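Shown here: my_file.cif, mmCIF, C-alpha atoms.
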data_entry
loop_
_atom_site.label_atom_id
_atom_site.label_comp_id
_atom_site.auth_asym_id
_atom_site.auth_seq_id
_atom_site.Cartn_x
_atom_site.Cartn_y
_atom_site.Cartn_z
CA MET O 1 -71.47 132.14 -146.63
CA PHE O 2 -68.64 133.69 -148.58
CA SER O 3 -65.47 134.56 -146.75
CA GLU O 4 -62.22 135.87 -148.10
CA GLU O 5 -58.80 135.17 -146.63
CA GLY O 6 -56.43 138.11 -146.90
CA ASP O 7 -52.68 138.04 -147.53
CA ASP O 8 -52.11 137.95 -143.77
CA GLY O 9 -54.25 134.79 -143.39
CA TRP O 10 -57.08 136.48 -141.48
CA VAL O 11 -60.60 135.79 -142.67
CA SER O 12 -62.46 139.01 -143.43
CA GLU O 13 -65.85 137.50 -142.63
CA VAL O 14 -66.69 134.59 -140.37
CA GLU O 15 -67.81 131.52 -142.26
CA SER O 16 -71.04 129.86 -141.24
CA VAL O 17 -70.87 126.92 -138.87
CA ASP O 18 -73.87 124.62 -138.52
CA GLY O 19 -75.99 127.18 -140.36
CA VAL O 20 -75.21 130.04 -137.95
CA SER O 21 -73.12 132.83 -139.44
CA ASP O 22 -71.37 136.06 -138.53
CA GLY O 23 -72.77 137.68 -135.37
CA GLY O 24 -75.35 134.91 -135.15
CA GLU O 25 -72.61 132.43 -134.37
CA ILE O 26 -71.34 134.64 -131.55
CA VAL O 27 -74.85 135.12 -130.16
CA ALA O 28 -75.44 131.35 -130.25
CA PHE O 29 -72.12 130.73 -128.48
CA TRP O 30 -72.90 133.43 -125.88
CA GLU O 31 -76.31 131.88 -125.20
CA LEU O 32 -74.76 128.44 -124.63
CA ALA O 33 -71.76 129.70 -122.62
CA ARG O 34 -73.65 131.96 -120.25
CA LYS O 35 -76.21 129.26 -119.42
CA SER O 36 -73.42 126.75 -118.84
CA VAL O 37 -71.72 129.02 -116.28
CA GLY O 38 -74.98 130.08 -114.61
CA LEU O 39 -75.21 133.59 -115.99
CA GLY O 40 -78.91 133.51 -117.02
CA ARG O 41 -80.27 136.61 -118.67
CA LEU O 42 -78.39 139.78 -117.82
CA LEU O 43 -81.18 142.31 -117.56
CA GLY O 44 -78.86 145.32 -117.68
CA ILE O 45 -77.64 144.46 -121.18
CA ALA O 46 -80.35 142.09 -122.37
CA GLY O 47 -82.88 142.73 -125.04
CA LEU O 48 -86.43 141.43 -125.33
CA SER O 49 -85.25 138.10 -126.76
CA SER O 50 -81.97 136.20 -126.73
CA ALA O 51 -81.31 137.48 -130.25
CA ASP O 52 -81.39 141.04 -128.86
CA ASP O 53 -78.91 140.32 -126.04
CA VAL O 54 -75.55 142.02 -126.21
CA ALA O 55 -72.75 139.46 -126.24
CA PRO O 56 -69.41 140.37 -124.67
CA PRO O 57 -66.64 141.59 -126.97
CA ALA O 58 -65.23 138.85 -129.19
CA TRP O 59 -61.57 138.86 -130.17
CA ALA O 60 -58.63 136.63 -131.09
CA PHE O 61 -55.17 136.54 -129.57
CA GLY O 62 -52.13 137.60 -131.57
CA ASP O 63 -51.76 138.99 -135.05
CA SER O 64 -52.20 135.91 -137.23
CA PRO O 65 -54.58 132.96 -137.47
CA ARG O 66 -51.79 130.56 -136.48
CA LEU O 67 -50.94 132.54 -133.34
CA ALA O 68 -54.63 132.95 -132.48
CA ASP O 69 -55.11 129.18 -132.61
CA GLU O 70 -51.94 128.42 -130.62
CA LEU O 71 -52.83 130.85 -127.83
CA ARG O 72 -56.49 129.81 -127.73
CA ALA O 73 -55.36 126.19 -127.30
CA LEU O 74 -53.25 127.24 -124.29
CA VAL O 75 -56.32 128.93 -122.78
CA LEU O 76 -58.47 125.84 -123.30
CA ALA O 77 -55.76 123.66 -121.73
CA GLY O 78 -55.69 125.93 -118.66
CA THR O 79 -52.06 126.92 -119.29
CA LYS O 80 -52.65 130.53 -120.38
CA THR O 81 -54.41 132.69 -117.77
CA ALA O 82 -53.01 136.10 -118.72
CA THR O 83 -52.41 138.27 -121.75
CA SER O 84 -50.78 141.57 -122.53
CA SER O 85 -51.55 144.26 -125.04
CA GLY O 86 -50.08 147.60 -125.96
CA ALA O 87 -51.78 150.51 -124.19
CA TRP O 88 -51.73 152.30 -127.57
CA GLU O 89 -54.28 149.77 -128.88
CA TYR O 90 -56.95 151.48 -126.75
CA GLU O 91 -56.13 155.10 -127.63
CA SER O 92 -58.59 155.34 -130.53
CA GLY O 93 -61.50 154.48 -128.24
CA ASP O 94 -62.66 151.68 -130.56
CA GLU O 95 -61.74 149.14 -127.87
CA MET O 96 -62.20 149.60 -124.15
CA VAL O 97 -59.38 148.88 -121.71
CA PRO O 98 -60.33 145.63 -119.98
CA GLN O 99 -61.57 145.87 -116.41
CA GLU O 100 -61.92 143.33 -113.63
CA GLY O 101 -65.13 141.33 -114.12
CA ASP O 102 -65.33 141.88 -117.89
CA LEU O 103 -66.34 138.91 -120.01
CA SER O 104 -64.81 138.22 -123.43
CA ILE O 105 -65.42 135.66 -126.13
CA ILE O 106 -62.18 134.24 -127.52
CA LEU O 107 -62.17 133.52 -131.25
CA ASP O 108 -60.06 131.00 -133.12
CA GLY O 109 -57.92 131.91 -136.12
CA ARG O 110 -60.89 131.64 -138.49
CA GLY O 111 -63.07 133.93 -136.38
CA HIS O 112 -65.22 131.29 -134.67
CA PRO O 113 -66.08 131.65 -130.95
CA ARG O 114 -64.35 129.01 -128.84
CA ALA O 115 -64.09 130.22 -125.22
CA LEU O 116 -65.55 132.59 -122.65
CA VAL O 117 -63.14 134.22 -120.20
CA ARG O 118 -63.61 136.63 -117.29
CA THR O 119 -61.00 139.26 -116.45
CA THR O 120 -59.77 138.88 -112.87
CA ALA O 121 -57.13 141.64 -112.70
CA VAL O 122 -55.75 144.44 -114.88
CA GLN O 123 -52.65 146.57 -114.45
CA ARG O 124 -50.68 148.95 -116.60
CA LEU O 125 -46.88 148.64 -116.63
CA PRO O 126 -43.97 149.46 -118.93
CA PHE O 127 -42.65 146.49 -120.92
CA ALA O 128 -39.43 146.42 -118.85
CA GLU O 129 -41.37 145.97 -115.58
CA VAL O 130 -43.26 142.81 -116.53
CA ASP O 131 -42.13 140.12 -114.08
CA ALA O 132 -41.47 136.38 -114.27
CA GLU O 133 -44.79 135.51 -112.59
CA PHE O 134 -46.78 137.32 -115.29
CA ALA O 135 -44.68 135.67 -118.03
CA ARG O 136 -45.46 132.29 -116.46
CA LEU O 137 -49.20 133.07 -116.42
CA GLU O 138 -49.12 133.98 -120.13
CA GLY O 139 -48.23 130.30 -120.63
CA GLU O 140 -46.24 130.71 -123.84
CA ASP O 141 -42.98 129.06 -124.97
CA ASP O 142 -41.10 127.78 -121.90
CA ARG O 143 -43.03 130.24 -119.67
CA SER O 144 -39.84 132.10 -118.70
CA LEU O 145 -39.48 135.87 -118.53
CA GLN O 146 -36.60 135.74 -121.02
CA MET O 147 -38.70 133.97 -123.66
CA TRP O 148 -41.70 136.20 -122.88
CA ARG O 149 -39.55 139.26 -123.59
CA VAL O 150 -38.19 137.84 -126.84
CA GLY O 151 -41.60 136.86 -128.21
CA HIS O 152 -43.49 139.89 -126.98
CA GLU O 153 -40.87 142.38 -128.07
CA ALA O 154 -41.17 140.99 -131.61
CA TYR O 155 -44.97 141.17 -131.41
CA PHE O 156 -45.01 144.73 -130.02
CA ARG O 157 -42.43 145.87 -132.60
CA ARG O 158 -44.82 144.68 -135.35
CA SER O 159 -47.78 146.35 -133.69
CA LEU O 160 -46.01 149.67 -133.22
CA ALA O 161 -44.43 149.64 -136.70
CA ALA O 162 -47.92 149.30 -138.20
CA ARG O 163 -48.73 152.60 -136.44
CA GLY O 164 -45.49 154.29 -137.49
CA ALA O 165 -44.05 154.09 -133.97
CA VAL O 166 -40.91 152.49 -132.57
CA PHE O 167 -40.59 149.98 -129.73
CA ASP O 168 -38.56 150.62 -126.61
CA THR O 169 -38.72 148.97 -123.20
CA THR O 170 -40.68 151.86 -121.69
CA VAL O 171 -43.77 151.33 -123.88
CA PRO O 172 -46.87 150.98 -121.67
CA LEU O 173 -48.67 147.65 -121.64
CA VAL O 174 -52.04 146.54 -120.31
CA LEU O 175 -51.59 143.28 -118.39
CA GLU O 176 -54.75 141.26 -118.00
CA ARG O 177 -55.32 138.13 -115.93
CA PHE O 178 -58.37 136.02 -116.66
CA GLU O 179 -60.13 132.79 -115.86
CA LEU O 180 -61.64 130.39 -118.37
CA ARG O 181 -65.37 130.19 -117.74
CA TYR O 182 -66.49 128.12 -120.75
CA PRO O 183 -65.70 125.48 -121.76
CA ARG O 184 -64.04 124.16 -118.62
CA PRO O 185 -60.29 123.39 -118.97
CA ARG O 186 -59.51 119.91 -120.29
#

Could you rewrite the structure in this file as C-alpha cells?
Amino acid sequence: MFSEEGDDGWVSEVESVDGVSDGGEIVAFWELARKSVGLGRLLGIAGLSSADDVAPPAWAFGDSPRLADELRALVLAGTKTATSSGAWEYESGDEMVPQEGDLSIILDGRGHPRALVRTTAVQRLPFAEVDAEFARLEGEDDRSLQMWRVGHEAYFRRSLAARGAVFDTTVPLVLERFELRYPRPR
C-alpha cells in the first residue's frame, strides 16, 4: 500500500502489515486483543461477522511519530498508566471525551495498532491543579510534577497555538487513567 509521510513525520495512511492494511489492520488487532482479554463478541456493537464489528477508537499519543512511539513504549512497559489532553480537543464533537470503561487501541508513530487500554477514571481539572500523583502516573521524564509541567506546557502551547489560542495555567484538561489490557506489560 502507498503511504505518504508529511512534513511533520506523520503517515497519512497506514501501511500494510502482513497483508492487512488500513482499517483491516485495526480490525485484526481488535479481534486478537479482545479474545486475549476474554471479551468475546460484544453483541451491542457487533456486526454479523468479525469484519462488521466496531473496533474501539484508535489513536496515538502526542503530536509526532517520535513522541507517539516513546509514550507507547512506556505504556507497554507498564510505566505510563495515565494521559492528559486539552478539553478543547473535544469541543468539535469529532472525538468523545473518554469515560470510565472505554476501550482504546493505541497506535505507534506509523499508525499501527500496538496496545489495547481500558479507561479506569476520568476527571477534568485546570492545568495548574494537576498533582504530583497524576504526573507520576503519566510516567514521563523523571515522573515529577515539575517535569510534567514543563513538558506538558510546551505540548499544550503547541496544541493551542494551532487553534489560534494562547496557553495559561487555567486551561481545562481531561485527565484519564487507564490500564493496559493487551498485550500484558513486559

task: Counting all atoms listed in the file, figure out which residue out of O:Ala82, O:Val97, O:Ile105, O:Val117 gets nearest to Glu133 (chain O).
output: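 Distance minimum relative to Glu133 (chain O) lands on O:Ala82.
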
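Picture a line from CA of Ala128 (chain O) to CA of Val171 (chain O); it runs 8.3 Å.
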
message: Report, in Å to a single decimal, how far apart CA of Gly151 (chain O) and CA of Asp63 (chain O) are.
response: 12.4 Å

- prompt: Of the candidates O:Leu107, O:Leu173, O:Leu116, O:Leu145, which shows the shortest atom-to-atom distance to Ala33 (chain O), using only C-alpha atoms?
  reply: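 Of all the options, O:Leu116 lies closest to Ala33 (chain O).
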
- prompt: Could you write out as a ChimeraX atom specification the residues that the PyMOL selection byres ((chain O and resi 127) around 10) matches in the shown file?
  reply: /O:84,86,124-126,128-131,149,152-153,156,167-175

Selected residues written out, C-alpha atoms, as a short mmCIF file (atom, residue, chain, number, x, y, z; two decimals), keeping the file's coordinate frame:
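Dumped everything to out16.cif:
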data_model
loop_
_atom_site.label_atom_id
_atom_site.label_comp_id
_atom_site.auth_asym_id
_atom_site.auth_seq_id
_atom_site.Cartn_x
_atom_site.Cartn_y
_atom_site.Cartn_z
CA SER O 84 -50.78 141.57 -122.53
CA GLY O 86 -50.08 147.60 -125.96
CA ARG O 124 -50.68 148.95 -116.60
CA LEU O 125 -46.88 148.64 -116.63
CA PRO O 126 -43.97 149.46 -118.93
CA ALA O 128 -39.43 146.42 -118.85
CA GLU O 129 -41.37 145.97 -115.58
CA VAL O 130 -43.26 142.81 -116.53
CA ASP O 131 -42.13 140.12 -114.08
CA ARG O 149 -39.55 139.26 -123.59
CA HIS O 152 -43.49 139.89 -126.98
CA GLU O 153 -40.87 142.38 -128.07
CA PHE O 156 -45.01 144.73 -130.02
CA PHE O 167 -40.59 149.98 -129.73
CA ASP O 168 -38.56 150.62 -126.61
CA THR O 169 -38.72 148.97 -123.20
CA THR O 170 -40.68 151.86 -121.69
CA VAL O 171 -43.77 151.33 -123.88
CA PRO O 172 -46.87 150.98 -121.67
CA LEU O 173 -48.67 147.65 -121.64
CA VAL O 174 -52.04 146.54 -120.31
CA LEU O 175 -51.59 143.28 -118.39
#

- prompt: Between CA of Ala115 (chain O) and CA of Asp102 (chain O), what is the distance, to one decimal in Å?
  reply: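 Separating CA of Ala115 (chain O) from CA of Asp102 (chain O) is a distance of 13.8 Å.
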
field: Nearest residue to Ala60 (chain O) from the set O:Ile106, O:Val75, O:Ala121, O:Met96 (distances using all atoms listed in the file)
entry: O:Ile106
